[in-house]
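Below is the file input-v4.cif, which contains mmCIF, C-alpha atoms.
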data_final
loop_
_atom_site.group_PDB
_atom_site.id
_atom_site.type_symbol
_atom_site.label_atom_id
_atom_site.label_comp_id
_atom_site.auth_asym_id
_atom_site.auth_seq_id
_atom_site.Cartn_x
_atom_site.Cartn_y
_atom_site.Cartn_z
ATOM 1 C CA MET A 17 37.842 5.773 -26.937
ATOM 2 C CA PRO A 18 35.642 7.587 -24.401
ATOM 3 C CA GLU A 19 36.991 7.859 -20.859
ATOM 4 C CA LEU A 20 35.418 5.442 -18.401
ATOM 5 C CA PRO A 21 33.647 7.085 -15.462
ATOM 6 C CA ASP A 22 34.733 6.754 -11.853
ATOM 7 C CA LEU A 23 32.355 5.151 -9.404
ATOM 8 C CA ASN A 24 31.451 7.140 -6.315
ATOM 9 C CA PRO A 25 33.351 5.318 -3.505
ATOM 10 C CA VAL A 26 30.812 6.325 -0.858
ATOM 11 C CA ILE A 27 27.997 4.625 -2.741
ATOM 12 C CA HIS A 28 30.083 1.714 -3.954
ATOM 13 C CA GLY A 29 30.141 -0.015 -0.553
ATOM 14 C CA LYS A 30 27.610 -2.851 -0.793
ATOM 15 C CA LEU A 31 25.617 -1.997 2.311
ATOM 16 C CA ARG A 32 25.561 1.740 1.572
ATOM 17 C CA LEU A 33 24.433 0.976 -1.984
ATOM 18 C CA ALA A 34 21.732 -1.331 -0.630
ATOM 19 C CA LEU A 35 20.557 1.352 1.799
ATOM 20 C CA LEU A 36 20.340 4.062 -0.837
ATOM 21 C CA SER A 37 18.540 1.696 -3.227
ATOM 22 C CA LEU A 38 16.031 0.830 -0.499
ATOM 23 C CA LEU A 39 15.508 4.466 0.426
ATOM 24 C CA THR A 40 14.664 5.383 -3.175
ATOM 25 C CA THR A 41 11.540 3.232 -2.909
ATOM 26 C CA VAL A 42 10.094 4.752 0.273
ATOM 27 C CA GLU A 43 9.447 8.234 1.572
ATOM 28 C CA GLU A 44 11.216 7.486 4.846
ATOM 29 C CA ALA A 45 12.216 4.411 6.767
ATOM 30 C CA GLU A 46 12.893 3.462 10.340
ATOM 31 C CA PHE A 47 16.256 2.012 11.395
ATOM 32 C CA THR A 48 14.658 -1.321 12.297
ATOM 33 C CA TRP A 49 12.983 -1.610 8.883
ATOM 34 C CA LEU A 50 16.293 -0.974 7.114
ATOM 35 C CA ARG A 51 17.989 -3.541 9.357
ATOM 36 C CA ALA A 52 15.337 -6.158 8.544
ATOM 37 C CA ARG A 53 15.515 -5.491 4.801
ATOM 38 C CA THR A 54 19.314 -5.559 4.594
ATOM 39 C CA GLY A 55 19.880 -8.264 7.191
ATOM 40 C CA SER A 56 22.804 -6.326 8.665
ATOM 41 C CA THR A 57 23.880 -5.851 12.277
ATOM 42 C CA ASP A 58 23.010 -2.752 14.304
ATOM 43 C CA GLY A 59 26.651 -1.643 14.499
ATOM 44 C CA ASN A 60 27.442 -2.001 10.810
ATOM 45 C CA LEU A 61 24.146 -0.461 9.737
ATOM 46 C CA GLY A 62 24.593 2.480 12.101
ATOM 47 C CA ALA A 63 28.128 3.098 10.835
ATOM 48 C CA GLN A 64 27.147 3.016 7.165
ATOM 49 C CA LEU A 65 24.125 5.245 7.736
ATOM 50 C CA ALA A 66 26.330 7.696 9.637
ATOM 51 C CA LYS A 67 28.682 7.796 6.637
ATOM 52 C CA LEU A 68 25.761 8.474 4.278
ATOM 53 C CA GLU A 69 24.505 11.178 6.621
ATOM 54 C CA GLU A 70 27.971 12.730 6.838
ATOM 55 C CA VAL A 71 28.162 13.201 3.055
ATOM 56 C CA GLY A 72 24.572 14.480 2.954
ATOM 57 C CA TYR A 73 22.982 11.559 1.089
ATOM 58 C CA VAL A 74 20.501 10.768 3.842
ATOM 59 C CA ALA A 75 18.743 12.921 6.410
ATOM 60 C CA VAL A 76 18.050 11.655 9.899
ATOM 61 C CA GLU A 77 15.251 12.477 12.264
ATOM 62 C CA LYS A 78 15.089 11.196 15.806
ATOM 63 C CA LYS A 79 11.784 11.219 17.579
ATOM 64 C CA PHE A 80 9.769 9.519 20.280
ATOM 65 C CA VAL A 81 6.645 7.597 19.393
ATOM 66 C CA GLN A 82 4.682 6.468 22.433
ATOM 67 C CA ARG A 83 7.803 7.094 24.549
ATOM 68 C CA LYS A 84 9.930 4.826 22.360
ATOM 69 C CA PRO A 85 12.841 6.348 20.437
ATOM 70 C CA GLN A 86 12.675 6.084 16.676
ATOM 71 C CA THR A 87 15.326 6.985 14.122
ATOM 72 C CA ILE A 88 13.904 7.834 10.738
ATOM 73 C CA TYR A 89 16.008 8.050 7.589
ATOM 74 C CA ARG A 90 15.107 9.638 4.291
ATOM 75 C CA MET A 91 17.070 10.130 1.118
ATOM 76 C CA THR A 92 18.099 13.673 0.269
ATOM 77 C CA GLU A 93 18.138 15.217 -3.189
ATOM 78 C CA ALA A 94 21.947 14.960 -3.138
ATOM 79 C CA GLY A 95 21.654 11.239 -2.369
ATOM 80 C CA ARG A 96 19.162 10.697 -5.177
ATOM 81 C CA LYS A 97 21.418 12.563 -7.622
ATOM 82 C CA ALA A 98 24.502 10.635 -6.495
ATOM 83 C CA LEU A 99 22.746 7.278 -6.871
ATOM 84 C CA THR A 100 21.480 8.225 -10.337
ATOM 85 C CA GLU A 101 25.007 9.185 -11.380
ATOM 86 C CA TYR A 102 26.373 5.964 -9.893
ATOM 87 C CA VAL A 103 23.866 3.884 -11.895
ATOM 88 C CA GLN A 104 24.728 5.827 -15.063
ATOM 89 C CA ALA A 105 28.422 5.164 -14.449
ATOM 90 C CA LEU A 106 27.723 1.450 -13.870
ATOM 91 C CA LYS A 107 25.812 1.301 -17.135
ATOM 92 C CA GLN A 108 28.702 2.873 -18.970
ATOM 93 C CA LEU A 109 31.246 0.555 -17.395
ATOM 94 C CA LEU A 110 29.226 -2.550 -18.063
ATOM 95 C CA GLY A 111 28.243 -1.363 -21.512
ATOM 96 C CA GLU A 112 24.790 -2.811 -21.196
ATOM 97 C CA SER A 113 21.411 -1.588 -20.133
ATOM 98 C CA ILE A 114 20.594 -2.049 -16.466
ATOM 99 C CA ASN A 115 16.992 -2.374 -15.617
ATOM 100 C CA VAL A 116 16.974 -0.122 -12.531
ATOM 101 C CA MET B 24 38.941 3.031 -9.238
ATOM 102 C CA HIS B 25 37.270 1.007 -11.969
ATOM 103 C CA GLU B 26 40.576 -0.409 -13.078
ATOM 104 C CA GLU B 27 40.791 -2.626 -9.993
ATOM 105 C CA MET B 28 37.233 -3.788 -10.315
ATOM 106 C CA SER B 29 36.182 -6.854 -12.190
ATOM 107 C CA THR B 30 33.054 -7.083 -14.277
ATOM 108 C CA GLN B 31 31.739 -9.469 -11.645
ATOM 109 C CA ASP B 32 32.117 -6.760 -8.963
ATOM 110 C CA LEU B 33 30.090 -4.374 -11.070
ATOM 111 C CA LYS B 34 27.431 -6.970 -11.790
ATOM 112 C CA ASP B 35 27.233 -7.665 -8.057
ATOM 113 C CA ARG B 36 26.498 -3.976 -7.501
ATOM 114 C CA VAL B 37 23.753 -4.069 -10.143
ATOM 115 C CA ALA B 38 22.276 -7.118 -8.413
ATOM 116 C CA VAL B 39 22.328 -5.252 -5.066
ATOM 117 C CA ILE B 40 20.485 -2.276 -6.575
ATOM 118 C CA GLU B 41 17.897 -4.462 -8.308
ATOM 119 C CA SER B 42 17.228 -6.665 -5.298
ATOM 120 C CA MET B 43 16.949 -3.751 -2.854
ATOM 121 C CA ILE B 44 14.599 -1.778 -5.095
ATOM 122 C CA ALA B 45 12.463 -4.909 -5.472
ATOM 123 C CA GLU B 46 12.619 -5.416 -1.693
ATOM 124 C CA GLY B 47 11.499 -1.865 -1.005
ATOM 125 C CA ARG B 48 8.697 -2.020 -3.541
ATOM 126 C CA ARG B 49 7.526 -5.328 -2.128
ATOM 127 C CA SER B 50 5.535 -3.128 0.137
ATOM 128 C CA THR B 51 4.923 -4.283 3.658
ATOM 129 C CA GLU B 52 1.581 -2.553 3.634
ATOM 130 C CA SER B 53 -1.310 -4.979 3.836
ATOM 131 C CA TRP B 54 -4.836 -3.916 3.183
ATOM 132 C CA GLY B 55 -6.636 -7.170 2.308
ATOM 133 C CA TRP B 56 -8.226 -7.187 5.762
ATOM 134 C CA THR B 57 -10.026 -3.866 5.095
ATOM 135 C CA PHE B 58 -11.888 -5.354 2.134
ATOM 136 C CA LEU B 59 -12.905 -8.311 4.259
ATOM 137 C CA LEU B 60 -13.904 -6.103 7.199
ATOM 138 C CA TRP B 61 -16.017 -3.759 5.076
ATOM 139 C CA GLY B 62 -17.611 -6.678 3.204
ATOM 140 C CA VAL B 63 -18.667 -8.157 6.532
ATOM 141 C CA ALA B 64 -19.850 -4.715 7.731
ATOM 142 C CA TYR B 65 -22.103 -4.323 4.678
ATOM 143 C CA TYR B 66 -23.514 -7.815 5.253
ATOM 144 C CA VAL B 67 -24.162 -6.973 8.925
ATOM 145 C CA ALA B 68 -25.963 -3.735 7.973
ATOM 146 C CA ILE B 69 -28.081 -5.459 5.335
ATOM 147 C CA GLY B 70 -28.837 -8.329 7.709
ATOM 148 C CA TRP B 71 -29.736 -5.867 10.474
ATOM 149 C CA VAL B 72 -32.150 -4.033 8.175
ATOM 150 C CA ALA B 73 -33.724 -7.293 6.999
ATOM 151 C CA LEU B 74 -34.057 -8.715 10.520
ATOM 152 C CA GLY B 75 -35.141 -5.367 11.928
ATOM 153 C CA GLN B 76 -37.968 -5.201 9.438
ATOM 154 C CA ARG B 77 -39.053 -8.705 10.318
ATOM 155 C CA LEU B 78 -38.679 -8.508 14.095
ATOM 156 C CA ALA B 79 -39.021 -4.748 14.688
ATOM 157 C CA VAL B 80 -36.044 -4.818 17.086
ATOM 158 C CA TRP B 81 -32.623 -3.161 17.565
ATOM 159 C CA GLY B 82 -33.921 0.385 17.417
ATOM 160 C CA GLY B 83 -35.409 0.080 13.966
ATOM 161 C CA ASN B 84 -33.772 0.065 10.538
ATOM 162 C CA GLY B 85 -32.690 3.677 10.709
ATOM 163 C CA LEU B 86 -29.757 2.821 12.962
ATOM 164 C CA ALA B 87 -28.467 -0.186 11.021
ATOM 165 C CA TRP B 88 -26.344 1.590 8.429
ATOM 166 C CA PRO B 89 -25.012 4.492 10.534
ATOM 167 C CA VAL B 90 -24.090 2.257 13.484
ATOM 168 C CA THR B 91 -22.465 -0.426 11.330
ATOM 169 C CA MET B 92 -20.565 2.033 9.167
ATOM 170 C CA ILE B 93 -19.297 4.095 12.110
ATOM 171 C CA ALA B 94 -18.231 0.891 13.888
ATOM 172 C CA ALA B 95 -16.408 -0.228 10.726
ATOM 173 C CA VAL B 96 -14.619 3.142 10.488
ATOM 174 C CA VAL B 97 -13.506 2.934 14.133
ATOM 175 C CA VAL B 98 -12.266 -0.664 13.745
ATOM 176 C CA THR B 99 -10.471 0.213 10.471
ATOM 177 C CA ILE B 100 -8.666 3.176 12.060
ATOM 178 C CA ALA B 101 -7.727 1.134 15.148
ATOM 179 C CA ILE B 102 -6.315 -1.804 13.153
ATOM 180 C CA ALA B 103 -4.576 0.444 10.590
ATOM 181 C CA PHE B 104 -2.895 2.401 13.383
ATOM 182 C CA ARG B 105 -1.575 -0.791 14.986
ATOM 183 C CA LYS B 106 -0.386 -2.288 11.691
ATOM 184 C CA ASP B 107 1.269 0.904 10.468
ATOM 185 C CA LYS B 108 3.882 1.025 13.240
ATOM 186 C CA GLY B 109 7.407 0.946 11.868
ATOM 187 C CA GLN B 110 6.370 0.490 8.257
ATOM 188 C CA PRO B 111 7.707 3.061 5.828
ATOM 189 C CA GLY B 112 5.291 4.943 3.654
ATOM 190 C CA THR B 113 5.591 4.779 -0.112
ATOM 191 C CA THR B 114 4.262 7.282 -2.619
ATOM 192 C CA VAL B 115 2.163 4.551 -4.210
ATOM 193 C CA GLY B 116 0.796 3.532 -0.818
ATOM 194 C CA ARG B 117 -0.110 7.127 0.003
ATOM 195 C CA ALA B 118 -1.853 7.542 -3.377
ATOM 196 C CA ILE B 119 -3.976 4.447 -2.803
ATOM 197 C CA VAL B 120 -4.791 5.244 0.804
ATOM 198 C CA SER B 121 -5.827 8.782 -0.175
ATOM 199 C CA ILE B 122 -8.222 7.412 -2.812
ATOM 200 C CA TRP B 123 -9.906 5.125 -0.295
ATOM 201 C CA ILE B 124 -10.044 7.744 2.463
ATOM 202 C CA SER B 125 -11.633 10.236 0.054
ATOM 203 C CA VAL B 126 -14.129 7.621 -1.109
ATOM 204 C CA GLY B 127 -14.949 6.731 2.491
ATOM 205 C CA ILE B 128 -15.471 10.360 3.527
ATOM 206 C CA SER B 129 -17.662 11.010 0.465
ATOM 207 C CA MET B 130 -19.875 8.043 1.258
ATOM 208 C CA LEU B 131 -20.059 8.786 4.980
ATOM 209 C CA LEU B 132 -21.204 12.352 4.215
ATOM 210 C CA LEU B 133 -23.413 11.739 1.195
ATOM 211 C CA PHE B 134 -25.512 8.791 2.324
ATOM 212 C CA PRO B 135 -26.685 10.188 5.667
ATOM 213 C CA ALA B 136 -27.561 13.470 3.897
ATOM 214 C CA LEU B 137 -29.511 11.651 1.178
ATOM 215 C CA SER B 138 -31.157 9.454 3.770
ATOM 216 C CA ILE B 139 -32.207 12.394 5.980
ATOM 217 C CA SER B 140 -33.510 14.379 3.005
ATOM 218 C CA GLY B 141 -35.379 11.305 1.770
ATOM 219 C CA ARG B 142 -34.058 11.829 -1.750
ATOM 220 C CA ILE B 143 -32.771 8.307 -2.276
ATOM 221 C CA ASP B 144 -34.221 4.851 -2.728
ATOM 222 C CA GLU B 145 -32.577 1.416 -2.497
ATOM 223 C CA HIS B 146 -31.772 1.286 -6.218
ATOM 224 C CA ALA B 147 -30.033 4.677 -6.218
ATOM 225 C CA PHE B 148 -28.221 3.744 -2.978
ATOM 226 C CA VAL B 149 -26.734 0.569 -4.456
ATOM 227 C CA ALA B 150 -26.015 2.239 -7.813
ATOM 228 C CA ILE B 151 -24.038 5.048 -6.124
ATOM 229 C CA ILE B 152 -22.144 2.735 -3.746
ATOM 230 C CA ALA B 153 -21.255 0.391 -6.614
ATOM 231 C CA ALA B 154 -20.141 3.235 -8.900
ATOM 232 C CA VAL B 155 -17.972 4.778 -6.180
ATOM 233 C CA LEU B 156 -16.420 1.406 -5.292
ATOM 234 C CA GLY B 157 -15.824 0.900 -9.016
ATOM 235 C CA ILE B 158 -13.922 4.194 -9.150
ATOM 236 C CA ALA B 159 -11.802 3.363 -6.077
ATOM 237 C CA ASN B 160 -11.033 -0.210 -7.159
ATOM 238 C CA GLY B 161 -10.354 0.919 -10.715
ATOM 239 C CA ALA B 162 -7.956 3.661 -9.622
ATOM 240 C CA SER B 163 -6.138 1.364 -7.155
ATOM 241 C CA GLY B 164 -6.004 -1.439 -9.717
ATOM 242 C CA MET B 165 -4.508 0.874 -12.342
ATOM 243 C CA ILE B 166 -1.901 2.263 -9.921
ATOM 244 C CA LEU B 167 -0.894 -1.217 -8.774
ATOM 245 C CA LYS B 168 -1.332 -2.757 -12.247
ATOM 246 C CA TRP B 169 -3.360 -5.442 -10.467
ATOM 247 C CA ARG B 170 -5.753 -7.235 -12.800
ATOM 248 C CA MET B 171 -7.716 -8.852 -9.993
ATOM 249 C CA GLN B 172 -8.609 -5.462 -8.550
ATOM 250 C CA MET B 173 -9.481 -4.172 -12.013
ATOM 251 C CA ALA B 174 -11.829 -7.161 -12.340
ATOM 252 C CA CYS B 175 -13.468 -6.055 -9.059
ATOM 253 C CA ALA B 176 -13.897 -2.563 -10.516
ATOM 254 C CA VAL B 177 -15.657 -4.055 -13.546
ATOM 255 C CA VAL B 178 -17.941 -6.098 -11.270
ATOM 256 C CA TRP B 179 -18.847 -2.909 -9.367
ATOM 257 C CA TRP B 180 -19.539 -0.958 -12.542
ATOM 258 C CA VAL B 181 -21.783 -3.760 -13.851
ATOM 259 C CA THR B 182 -23.517 -3.836 -10.443
ATOM 260 C CA SER B 183 -24.040 -0.085 -10.639
ATOM 261 C CA ILE B 184 -25.810 -0.390 -13.976
ATOM 262 C CA ALA B 185 -27.776 -3.478 -12.908
ATOM 263 C CA ALA B 186 -28.953 -1.635 -9.768
ATOM 264 C CA CYS B 187 -30.862 0.806 -11.960
ATOM 265 C CA PHE B 188 -33.121 -1.990 -13.211
ATOM 266 C CA GLY B 189 -35.072 -4.965 -11.864
ATOM 267 C CA SER B 190 -36.968 -5.710 -8.696
ATOM 268 C CA GLN B 191 -35.842 -5.154 -5.120
ATOM 269 C CA ALA B 192 -35.147 -8.871 -4.698
ATOM 270 C CA GLN B 193 -32.935 -8.818 -7.782
ATOM 271 C CA LEU B 194 -31.208 -5.703 -6.495
ATOM 272 C CA THR B 195 -30.442 -7.398 -3.178
ATOM 273 C CA ALA B 196 -29.107 -10.511 -4.920
ATOM 274 C CA VAL B 197 -26.877 -8.465 -7.229
ATOM 275 C CA PHE B 198 -25.532 -6.288 -4.387
ATOM 276 C CA LEU B 199 -24.864 -9.222 -2.054
ATOM 277 C CA SER B 200 -23.104 -11.131 -4.853
ATOM 278 C CA ALA B 201 -20.894 -8.149 -5.720
ATOM 279 C CA LEU B 202 -20.090 -7.624 -2.039
ATOM 280 C CA PHE B 203 -19.180 -11.265 -1.620
ATOM 281 C CA LEU B 204 -16.967 -11.330 -4.705
ATOM 282 C CA CYS B 205 -15.268 -7.942 -4.459
ATOM 283 C CA GLN B 206 -15.056 -7.410 -0.707
ATOM 284 C CA ILE B 207 -15.017 -10.753 1.071
ATOM 285 C CA GLY B 208 -13.564 -12.906 -1.739
ATOM 286 C CA PHE B 209 -11.077 -10.295 -2.939
ATOM 287 C CA GLY B 210 -10.120 -9.395 0.651
ATOM 288 C CA ALA B 211 -9.427 -13.044 1.513
ATOM 289 C CA TYR B 212 -7.438 -13.471 -1.712
ATOM 290 C CA ALA B 213 -5.362 -10.347 -0.971
ATOM 291 C CA MET B 214 -4.690 -11.572 2.578
ATOM 292 C CA VAL B 215 -3.454 -14.930 1.271
ATOM 293 C CA LEU B 216 -1.110 -13.127 -1.155
ATOM 294 C CA GLU B 217 0.158 -10.826 1.606
ATOM 295 C CA SER B 218 0.772 -13.734 3.948
ATOM 296 C CA ARG B 219 2.665 -15.606 1.199
ATOM 297 C CA ARG B 220 4.770 -12.501 0.511
ATOM 298 C CA ARG B 221 5.614 -12.069 4.198
ATOM 299 C CA ARG B 222 6.654 -15.733 4.388
ATOM 300 C CA GLN B 223 8.898 -15.329 1.335
ATOM 301 C CA ASN B 224 10.423 -12.216 2.903
ATOM 302 C CA ARG B 225 11.172 -14.104 6.119
ATOM 303 C CA GLU B 226 12.731 -16.990 4.184
ATOM 304 C CA ALA B 227 14.841 -14.567 2.146
ATOM 305 C CA HIS B 228 16.267 -13.071 5.338
ATOM 306 C CA ALA B 229 16.584 -16.302 7.299
#
As structure tokens, what does this structure read like?
Amino acid sequence: MPELPDLNPVIHGKLRLALLSLLTTVEEAEFTWLRARTGSTDGNLGAQLAKLEEVGYVAVEKKFVQRKPQTIYRMTEAGRKALTEYVQALKQLLGESINV
Amino acid sequence: MHEEMSTQDLKDRVAVIESMIAEGRRSTESWGWTFLLWGVAYYVAIGWVALGQRLAVWGGNGLAWPVTMIAAVVVTIAIAFRKDKGQPGTTVGRAIVSIWISVGISMLLLFPALSISGRIDEHAFVAIIAAVLGIANGASGMILKWRMQMACAVVWWVTSIAACFGSQAQLTAVFLSALFLCQIGFGAYAMVLESRRRRQNREAHA
């Protein structure tokens, strides 16, 4: 029997998984857009994004647009690879095709 | 790790991935208003030319198209800039916007040049505009897999062919009909869809 794969614990958290999934669909996204899409609180979102940044799955850029601070997040290649591997592992564990 | 997880946990994760990808793709970009705006701009230019000929006012017909088109460009840029704030860009969105910007630049350069050189008549003008709008709508429709926009492309291609034949009155009727259907009608339809989508988004997050 083939060995079952482990799921990446960083990605497995629901909000972090949601964030990475969202970021695969856009080139970059502002903090407020991610908050609106996930429906999470500022504190929780900030903490989970910081964790993703720490492991190198997302890159952060802070800038001022018309004197207002903006925090922009984009997925890194490492993040994309990790999410792909996570989905592959899920497929193996569930033993069915996942349409993602 | 997987030993402690139930199948339901894993299915929940799949549901999160699917719903978030769908959420991200449900682009927040809205462009229906540009079709409406440009449809109205074309009508204004045509009306200006027609009235100008009849009344000999507003600086003559020569100004109608350049003034209307430049005004439409300025309004488009101003509204797009305001709407774009905080919205993330998608690759698909960038592909579509680049098609329309390229089409717009081509038309803004070509038509004044043809007009100044005098190497164009009304039939060629409509045929070129319709063909170019057919290309842009066709490309956008194929990228978005949107049948309604593909139908607009077909209308423009038919208009382009029809513009090569018939009288000037027939040409005007064909062009105005295509503009109404594919700019004003399609623009209004797209805006209704966008507004419905935004409402669904709000309800989903309420």
All residues 9 Å or closer to stretch 38-41 of chain A, only C-alpha atoms, same chain fewer than 2 positions away omitted, as a list in words =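 Non-adjacent residues within range: Leu33, Ala34, Leu35, Leu36, Glu43, Glu44, Ala45, Leu50, Arg53, Thr54, Val74, Tyr89, Arg90, Met91 and Arg96 of chain A; Ile40, Ser42, Met43, Ile44, Ala45, Glu46, Gly47, Arg48, Thr113 and Thr114 of chain B.
Of the residues listed (A:Val71, A:Ala52, A:Val42, A:Val76), A:Val42 shows the shortest atom-to-atom separation from chain B; distances use only C-alpha atoms.
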Given the PyMOL selection byres ((chain A and resi 64) around 12), the residues it picks as a VMD selection string = chain A and resid 26 to 36 47 50 to 51 54 56 to 63 65 to 71 73 to 74
inquiry  = Running the PyMOL selection byres ((chain B and resi 55) around 6) on this model by hand, what would come out? Give it as a PyMOL selection string.
reply    = chain B and resi 53-54+56-58+210+213-214
Kindly export the residues of the current selection with C-alpha atoms, as a PDB file, in the frame of the given file.
ATOM      1  CA  SER B  53      -1.310  -4.979   3.836  1.00  0.00           C
ATOM      2  CA  TRP B  54      -4.836  -3.916   3.183  1.00  0.00           C
ATOM      3  CA  TRP B  56      -8.226  -7.187   5.762  1.00  0.00           C
ATOM      4  CA  THR B  57     -10.026  -3.866   5.095  1.00  0.00           C
ATOM      5  CA  PHE B  58     -11.888  -5.354   2.134  1.00  0.00           C
ATOM      6  CA  GLY B 210     -10.120  -9.395   0.651  1.00  0.00           C
ATOM      7  CA  ALA B 213      -5.362 -10.347  -0.971  1.00  0.00           C
ATOM      8  CA  MET B 214      -4.690 -11.572   2.578  1.00  0.00           C
TER       9      MET B 214
END
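Residues matched by the PyMOL selection byres ((chain B and resi 167) around 12) in this file are Arg48, Arg49, Ser50, Thr114, Val115, Gly116, Ala118, Ile119, Asn160, Gly161, Ala162, Ser163, Gly164, Met165, Ile166, Lys168, Trp169, Arg170, Met171, Gln172 and Met173 of chain B.
What separates atom CA of B:Gln191 from atom CA of B:Trp123 is a distance of 28.3 Å.
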Assuming 4 Å of padding per side, give the centre and edge lengths of the axis-aligned box around every listed atom of stretch 70-81 of chain A, in Å to one decimal and as lines of an AutoDock Vina configuration file.
center_x = 17.4
center_y = 11.0
center_z = 10.7
size_x = 29.5
size_y = 14.9
size_z = 27.2
message = Between atom CA of A:Glu46 and atom CA of B:Val37, what distance in Å does the model show, to one decimal?
response =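 Between these atoms lies a distance of 24.4 Å.
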Between atom CA of A:Glu93 and atom CA of A:Ala105 - distance in Å to one decimal = 18.3 Å
key: Exercise: B:Gln193 partners within 12 Å, only C-alpha atoms, chain neighbours under 6 positions left out, as a list of chain:residue names   =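 Counting only the stated atoms, we get B:Glu145, B:His146, B:Val149, B:Thr182, B:Ala185, B:Ala186, B:Cys187, B:Leu199, B:Ser200.
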Grab the residues selected above and save them as an mmCIF file, keeping the file's coordinate frame with C-alpha atoms.
data_model
loop_
_atom_site.group_PDB
_atom_site.id
_atom_site.type_symbol
_atom_site.label_atom_id
_atom_site.label_comp_id
_atom_site.auth_asym_id
_atom_site.auth_seq_id
_atom_site.Cartn_x
_atom_site.Cartn_y
_atom_site.Cartn_z
ATOM 1 C CA GLU B 145 -32.577 1.416 -2.497
ATOM 2 C CA HIS B 146 -31.772 1.286 -6.218
ATOM 3 C CA VAL B 149 -26.734 0.569 -4.456
ATOM 4 C CA THR B 182 -23.517 -3.836 -10.443
ATOM 5 C CA ALA B 185 -27.776 -3.478 -12.908
ATOM 6 C CA ALA B 186 -28.953 -1.635 -9.768
ATOM 7 C CA CYS B 187 -30.862 0.806 -11.960
ATOM 8 C CA LEU B 199 -24.864 -9.222 -2.054
ATOM 9 C CA SER B 200 -23.104 -11.131 -4.853
#
query = Which is closest to chain B among A:Thr100, A:Gly111, A:Gly72, A:Leu106, if we use all atoms listed in the file?
reply =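 Going through A:Thr100, A:Gly111, A:Gly72, A:Leu106 one by one, the smallest distance to chain B is for A:Leu106.
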